[in-house]
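Okay, protein.cif now, which holds mmCIF, C-alpha atoms:
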data_query
#
loop_
_atom_site.label_atom_id
_atom_site.label_comp_id
_atom_site.auth_asym_id
_atom_site.auth_seq_id
_atom_site.Cartn_x
_atom_site.Cartn_y
_atom_site.Cartn_z
CA MET A 1 9.44 -32.50 -23.75
CA SER A 2 6.41 -34.56 -22.85
CA ASN A 3 2.93 -35.12 -24.18
CA ARG A 4 1.68 -32.71 -21.50
CA THR A 5 4.02 -29.90 -22.46
CA ASP A 6 3.24 -30.56 -26.13
CA ALA A 7 -0.49 -30.30 -25.41
CA ILE A 8 -0.13 -26.98 -23.57
CA ALA A 9 2.37 -25.58 -26.09
CA ASP A 10 0.24 -26.58 -29.09
CA GLY A 11 -2.76 -24.78 -27.61
CA LEU A 12 -0.67 -21.70 -26.85
CA ARG A 13 0.83 -21.68 -30.34
CA LEU A 14 -2.69 -21.66 -31.81
CA SER A 15 -3.77 -18.89 -29.42
CA ILE A 16 -0.77 -16.72 -30.38
CA ALA A 17 -1.51 -17.19 -34.08
CA HIS A 18 -5.15 -16.26 -33.52
CA ALA A 19 -4.09 -13.16 -31.56
CA ARG A 20 -2.03 -12.06 -34.59
CA GLN A 21 -4.92 -12.63 -37.00
CA LEU A 22 -7.31 -10.61 -34.85
CA LEU A 23 -5.09 -7.54 -35.23
CA ASP A 24 -5.39 -7.52 -39.03
CA GLY A 25 -6.93 -4.26 -40.18
CA VAL A 26 -7.25 -2.73 -36.71
CA PRO A 27 -6.54 1.01 -37.11
CA ALA A 28 -4.10 2.40 -34.54
CA ASP A 29 -6.48 5.26 -33.72
CA GLN A 30 -9.21 2.75 -32.75
CA PHE A 31 -7.00 0.35 -30.78
CA ALA A 32 -7.89 1.89 -27.38
CA ARG A 33 -11.47 2.84 -28.20
CA PHE A 34 -14.72 1.20 -27.26
CA ALA A 35 -16.54 -0.33 -30.19
CA ALA A 36 -19.30 2.00 -31.37
CA PRO A 37 -21.71 0.26 -33.73
CA GLY A 38 -24.12 2.84 -35.09
CA GLY A 39 -22.17 5.53 -33.23
CA THR A 40 -23.11 4.28 -29.75
CA PRO A 41 -20.08 3.22 -27.67
CA ILE A 42 -20.35 -0.20 -26.03
CA VAL A 43 -18.62 -0.43 -22.66
CA SER A 44 -16.59 -3.56 -23.30
CA ASN A 45 -12.87 -4.32 -23.41
CA HIS A 46 -11.06 -2.84 -26.42
CA PRO A 47 -7.90 -4.23 -28.06
CA ALA A 48 -5.47 -2.13 -25.99
CA PHE A 49 -6.93 -3.46 -22.77
CA ILE A 50 -7.25 -7.04 -24.00
CA TYR A 51 -3.66 -7.36 -25.22
CA GLY A 52 -2.24 -5.35 -22.32
CA HIS A 53 -4.13 -7.41 -19.75
CA LEU A 54 -3.04 -10.67 -21.30
CA ALA A 55 0.61 -9.53 -21.44
CA LEU A 56 0.63 -9.59 -17.63
CA TYR A 57 -0.01 -13.33 -17.44
CA ALA A 58 2.61 -14.85 -19.72
CA PRO A 59 5.49 -13.94 -17.35
CA ARG A 60 3.68 -15.90 -14.63
CA VAL A 61 3.68 -18.94 -16.90
CA VAL A 62 7.42 -18.53 -17.53
CA GLU A 63 8.08 -18.27 -13.80
CA MET A 64 5.91 -21.28 -12.90
CA CYS A 65 7.75 -23.32 -15.53
CA GLY A 66 11.07 -22.48 -13.87
CA GLY A 67 12.20 -19.64 -16.13
CA SER A 68 13.18 -16.05 -15.42
CA PRO A 69 10.49 -13.88 -16.98
CA GLU A 70 10.90 -10.43 -18.39
CA PRO A 71 8.57 -8.18 -16.42
CA ALA A 72 5.71 -6.44 -18.20
CA PRO A 73 6.53 -2.88 -19.23
CA GLU A 74 6.34 -0.21 -16.58
CA GLY A 75 2.80 0.94 -15.93
CA PHE A 76 1.11 -2.15 -17.38
CA GLU A 77 0.06 -3.48 -13.98
CA ALA A 78 -1.74 -0.25 -13.09
CA LEU A 79 -3.49 -0.10 -16.46
CA PHE A 80 -4.30 -3.74 -17.13
CA ALA A 81 -4.41 -5.79 -13.91
CA ASN A 82 -7.41 -7.92 -13.05
CA GLY A 83 -10.11 -5.62 -11.69
CA VAL A 84 -8.86 -2.45 -13.41
CA GLU A 85 -11.57 -0.80 -15.49
CA CYS A 86 -11.10 -0.52 -19.24
CA VAL A 87 -11.72 3.05 -20.38
CA ASP A 88 -12.46 4.57 -23.77
CA ASP A 89 -9.23 6.42 -24.62
CA VAL A 90 -10.81 9.16 -26.73
CA ASP A 91 -7.72 11.40 -26.74
CA GLY A 92 -5.12 8.64 -26.94
CA THR A 93 -3.53 9.60 -23.61
CA VAL A 94 -4.43 6.73 -21.29
CA TYR A 95 -2.85 3.67 -22.89
CA PRO A 96 0.52 3.05 -24.57
CA GLN A 97 0.64 2.90 -28.36
CA GLN A 98 -0.55 -0.21 -30.19
CA ASP A 99 2.95 -1.43 -31.09
CA VAL A 100 4.11 -1.13 -27.46
CA ILE A 101 1.19 -3.17 -26.16
CA THR A 102 1.22 -5.82 -28.90
CA GLY A 103 5.01 -6.04 -28.74
CA ALA A 104 4.83 -6.74 -25.00
CA PHE A 105 2.07 -9.30 -25.59
CA PHE A 106 3.88 -11.26 -28.31
CA ASP A 107 7.29 -11.11 -26.60
CA ALA A 108 5.75 -12.38 -23.37
CA TYR A 109 3.84 -15.24 -24.99
CA ASP A 110 6.79 -16.28 -27.16
CA ALA A 111 8.79 -16.58 -23.92
CA ALA A 112 5.95 -18.53 -22.29
CA LEU A 113 5.83 -20.91 -25.25
CA GLN A 114 9.56 -21.58 -24.94
CA ALA A 115 9.29 -22.07 -21.16
CA ILE A 116 6.43 -24.54 -21.52
CA ARG A 117 8.32 -26.55 -24.13
CA LYS A 118 11.30 -26.80 -21.73
CA ALA A 119 9.26 -27.64 -18.62
CA GLU A 120 9.71 -31.03 -17.01
CA ASP A 121 6.71 -33.09 -15.94
CA ALA A 122 7.96 -32.87 -12.35
CA VAL A 123 7.54 -29.08 -12.51
CA LEU A 124 4.06 -29.32 -14.02
CA ASP A 125 3.03 -31.74 -11.26
CA GLN A 126 3.94 -29.30 -8.47
CA PRO A 127 1.17 -27.51 -6.57
CA ASN A 128 -0.13 -24.27 -8.04
CA PRO A 129 1.66 -21.50 -6.10
CA LEU A 130 -0.88 -18.74 -6.85
CA GLY A 131 -3.21 -19.52 -3.96
CA GLY A 132 -6.87 -18.84 -3.35
CA THR A 133 -9.62 -20.12 -5.59
CA LEU A 134 -7.11 -20.61 -8.41
CA VAL A 135 -5.67 -23.58 -6.49
CA GLU A 136 -9.14 -25.08 -6.13
CA ARG A 137 -9.75 -24.75 -9.88
CA PHE A 138 -6.20 -25.52 -11.04
CA PRO A 139 -4.35 -27.52 -8.37
CA THR A 140 -1.07 -28.01 -10.27
CA ILE A 141 1.32 -25.78 -12.15
CA GLY A 142 0.48 -27.76 -15.29
CA SER A 143 -3.26 -27.14 -15.02
CA MET A 144 -2.69 -23.45 -14.21
CA CYS A 145 -0.30 -23.02 -17.14
CA SER A 146 -2.77 -24.75 -19.43
CA PHE A 147 -5.55 -22.36 -18.40
CA MET A 148 -3.34 -19.26 -18.64
CA SER A 149 -1.98 -20.35 -22.04
CA CYS A 150 -5.23 -21.43 -23.64
CA GLY A 151 -8.50 -20.81 -21.76
CA HIS A 152 -7.70 -17.35 -20.40
CA LEU A 153 -6.19 -16.27 -23.70
CA MET A 154 -9.09 -17.47 -25.82
CA LEU A 155 -11.64 -15.97 -23.42
CA HIS A 156 -10.18 -12.51 -24.00
CA LEU A 157 -9.51 -13.11 -27.69
CA GLY A 158 -13.22 -13.82 -27.98
CA GLN A 159 -13.78 -10.28 -26.69
CA MET A 160 -11.41 -9.08 -29.40
CA SER A 161 -13.37 -10.97 -32.02
CA ALA A 162 -16.62 -9.38 -30.83
CA TRP A 163 -14.97 -5.92 -30.84
CA ARG A 164 -13.87 -6.46 -34.45
CA ARG A 165 -17.40 -7.32 -35.52
CA MET A 166 -18.90 -4.34 -33.70
CA GLN A 167 -16.36 -2.12 -35.45
CA GLY A 168 -17.33 -3.53 -38.82
CA LEU A 169 -13.97 -5.30 -39.34
CA GLY A 170 -15.51 -8.76 -39.60
CA PRO A 171 -13.94 -12.02 -38.48
CA ALA A 172 -10.22 -12.53 -38.70
#

Using the file provided, produce a representation of the structure as C-alpha cells.
Amino acid sequence: MSNRTDAIADGLRLSIAHARQLLDGVPADQFARFAAPGGTPIVSNHPAFIYGHLALYAPRVVEMCGGSPEPAPEGFEALFANGVECVDDVDGTVYPQQDVITGAFFDAYDAALQAIRKAEDAVLDQPNPLGGTLVERFPTIGSMCSFMSCGHLMLHLGQMSAWRRMQGLGPA
C-alpha cells in the first residue's frame, strides 16, 4: 500500500459511509420516485437511479486496479448507464427493489475499496484505458480511480442529499 492508494481508499471509505447515511429513513415505496415537494414532482435523479448508476462504475475501478470485478446485475446497464433517463417509477415496475440496487452498490464499492488498497503504484501510473475526454481529464489509472471513487460518487450523493431534503427527510 502507498500514500496514493491510502488517499484514494480513504476518500472512497468516506463516500461509502456517506452513501449508507443517506439511505436512513428512505421509504422503499419512495426509493424510485421523483421528489415531490408540495406535491409537484421534480424531474431529478431519485435514489434508485443514483445508487444503480453508481453501481456500474465500481467494477471499472476494480478492473483498472488489476482485479476481476463482479459484473453489475443483469439489466443495470440498460437502466442506469450514462445518458439513460431517470424516470418516476410510479407503479414500482421499472427499477429493481431497493435492497437489490443498494446491495449491488455496496458490494461493488466494497470490492473497489479492496482493489484500490491492493493496487501497486506502477498500476496507478499506467495510462487511463477508458479513452476520449476522460483521458484528457484523468490521464492515469490513479487519477481516474480517484475521480470514480470520490468525485463522481460525491457528485451523485449530493443529488441524493437534495432529494432527501425535497422529500422532507432532512440531512443525513

Could you tell me, as a PyMOL selection string, exactly which residues end up selected when the PyMOL selection byres ((chain A and resi 106) around 10) is applied to this structure?
chain A and resi 16-17+19-20+51+54-55+58+101-105+107-112

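With all atoms listed in the file as the atoms that count, the residue of A:Leu14, A:Cys65, A:Leu169, A:Ala28 with the shortest distance to Leu153 of chain A is A:Leu14.
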
Contacts of Asp24 of chain A within 12 Å, only C-alpha atoms, excl. fewer than 5 positions in-chain, as a PyMOL selection string
chain A and resi 17-19+31+47+160-161+164+169-172

For the file shown, what are the residues hit by the PyMOL selection byres ((chain A and resi 126) around 6), laid out as a count of residues only?
6

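Selection result for the displayed file, with the PyMOL selection byres ((chain A and resi 11) around 12) as criterion, is Arg4, Thr5, Asp6, Ala7, Ile8, Ala9, Asp10, Leu12, Arg13, Leu14, Ser15, Ile16, Ala17, His18, Tyr109, Ala112, Leu113, Ile116, Arg117, Cys145, Ser146, Phe147, Met148, Ser149, Cys150, Gly151, His152, Leu153 and Met154 of chain A.
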
What does the structure give for the distance between atom CA of His46 of chain A and atom CA of Phe34 of chain A, in Å to one decimal?
5.5 Å

So how many Å separate atom CA of Pro41 of chain A and atom CA of Asn82 of chain A, to one decimal?
22.3 Å

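With distances taken over all atoms listed in the file, A:Phe49 is the one residue among A:Phe49, A:Pro139, A:Glu74, A:Glu120 lying closest to Gln30 of chain A.
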
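Relative to atom CA of Phe138 of chain A, atom CA of Phe76 of chain A is found at 25.3 Å.
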
Identify which of the residues A:Ala48, A:Leu79, A:Val61, A:Ala162 lies closest to Asp99 of chain A, counting only C-alpha atoms when measuring atom-to-atom distances.
A:Ala48

Can you find the residues with an atom no farther than 10 Å from (-2.0, 4.7, -15.6), counting only C-alpha atoms, and report them as number ranges by chain?
A: 74-80, 93-96

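Shortest atom-to-atom contact with Val84 of chain A among A:Val135, A:Ala72, A:Ile50, A:Met64: A:Ile50, counting only C-alpha atoms.
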
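With all atoms listed in the file as the basis for measurement, A:Ala32 is the residue among A:Ala32, A:Leu157, A:Leu22, A:His53 that approaches Val90 of chain A most closely.
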
Which one of A:Lys118, A:Arg137, A:Arg33, A:Arg60 sits closest to Met166 of chain A if you count only C-alpha atoms?
A:Arg33
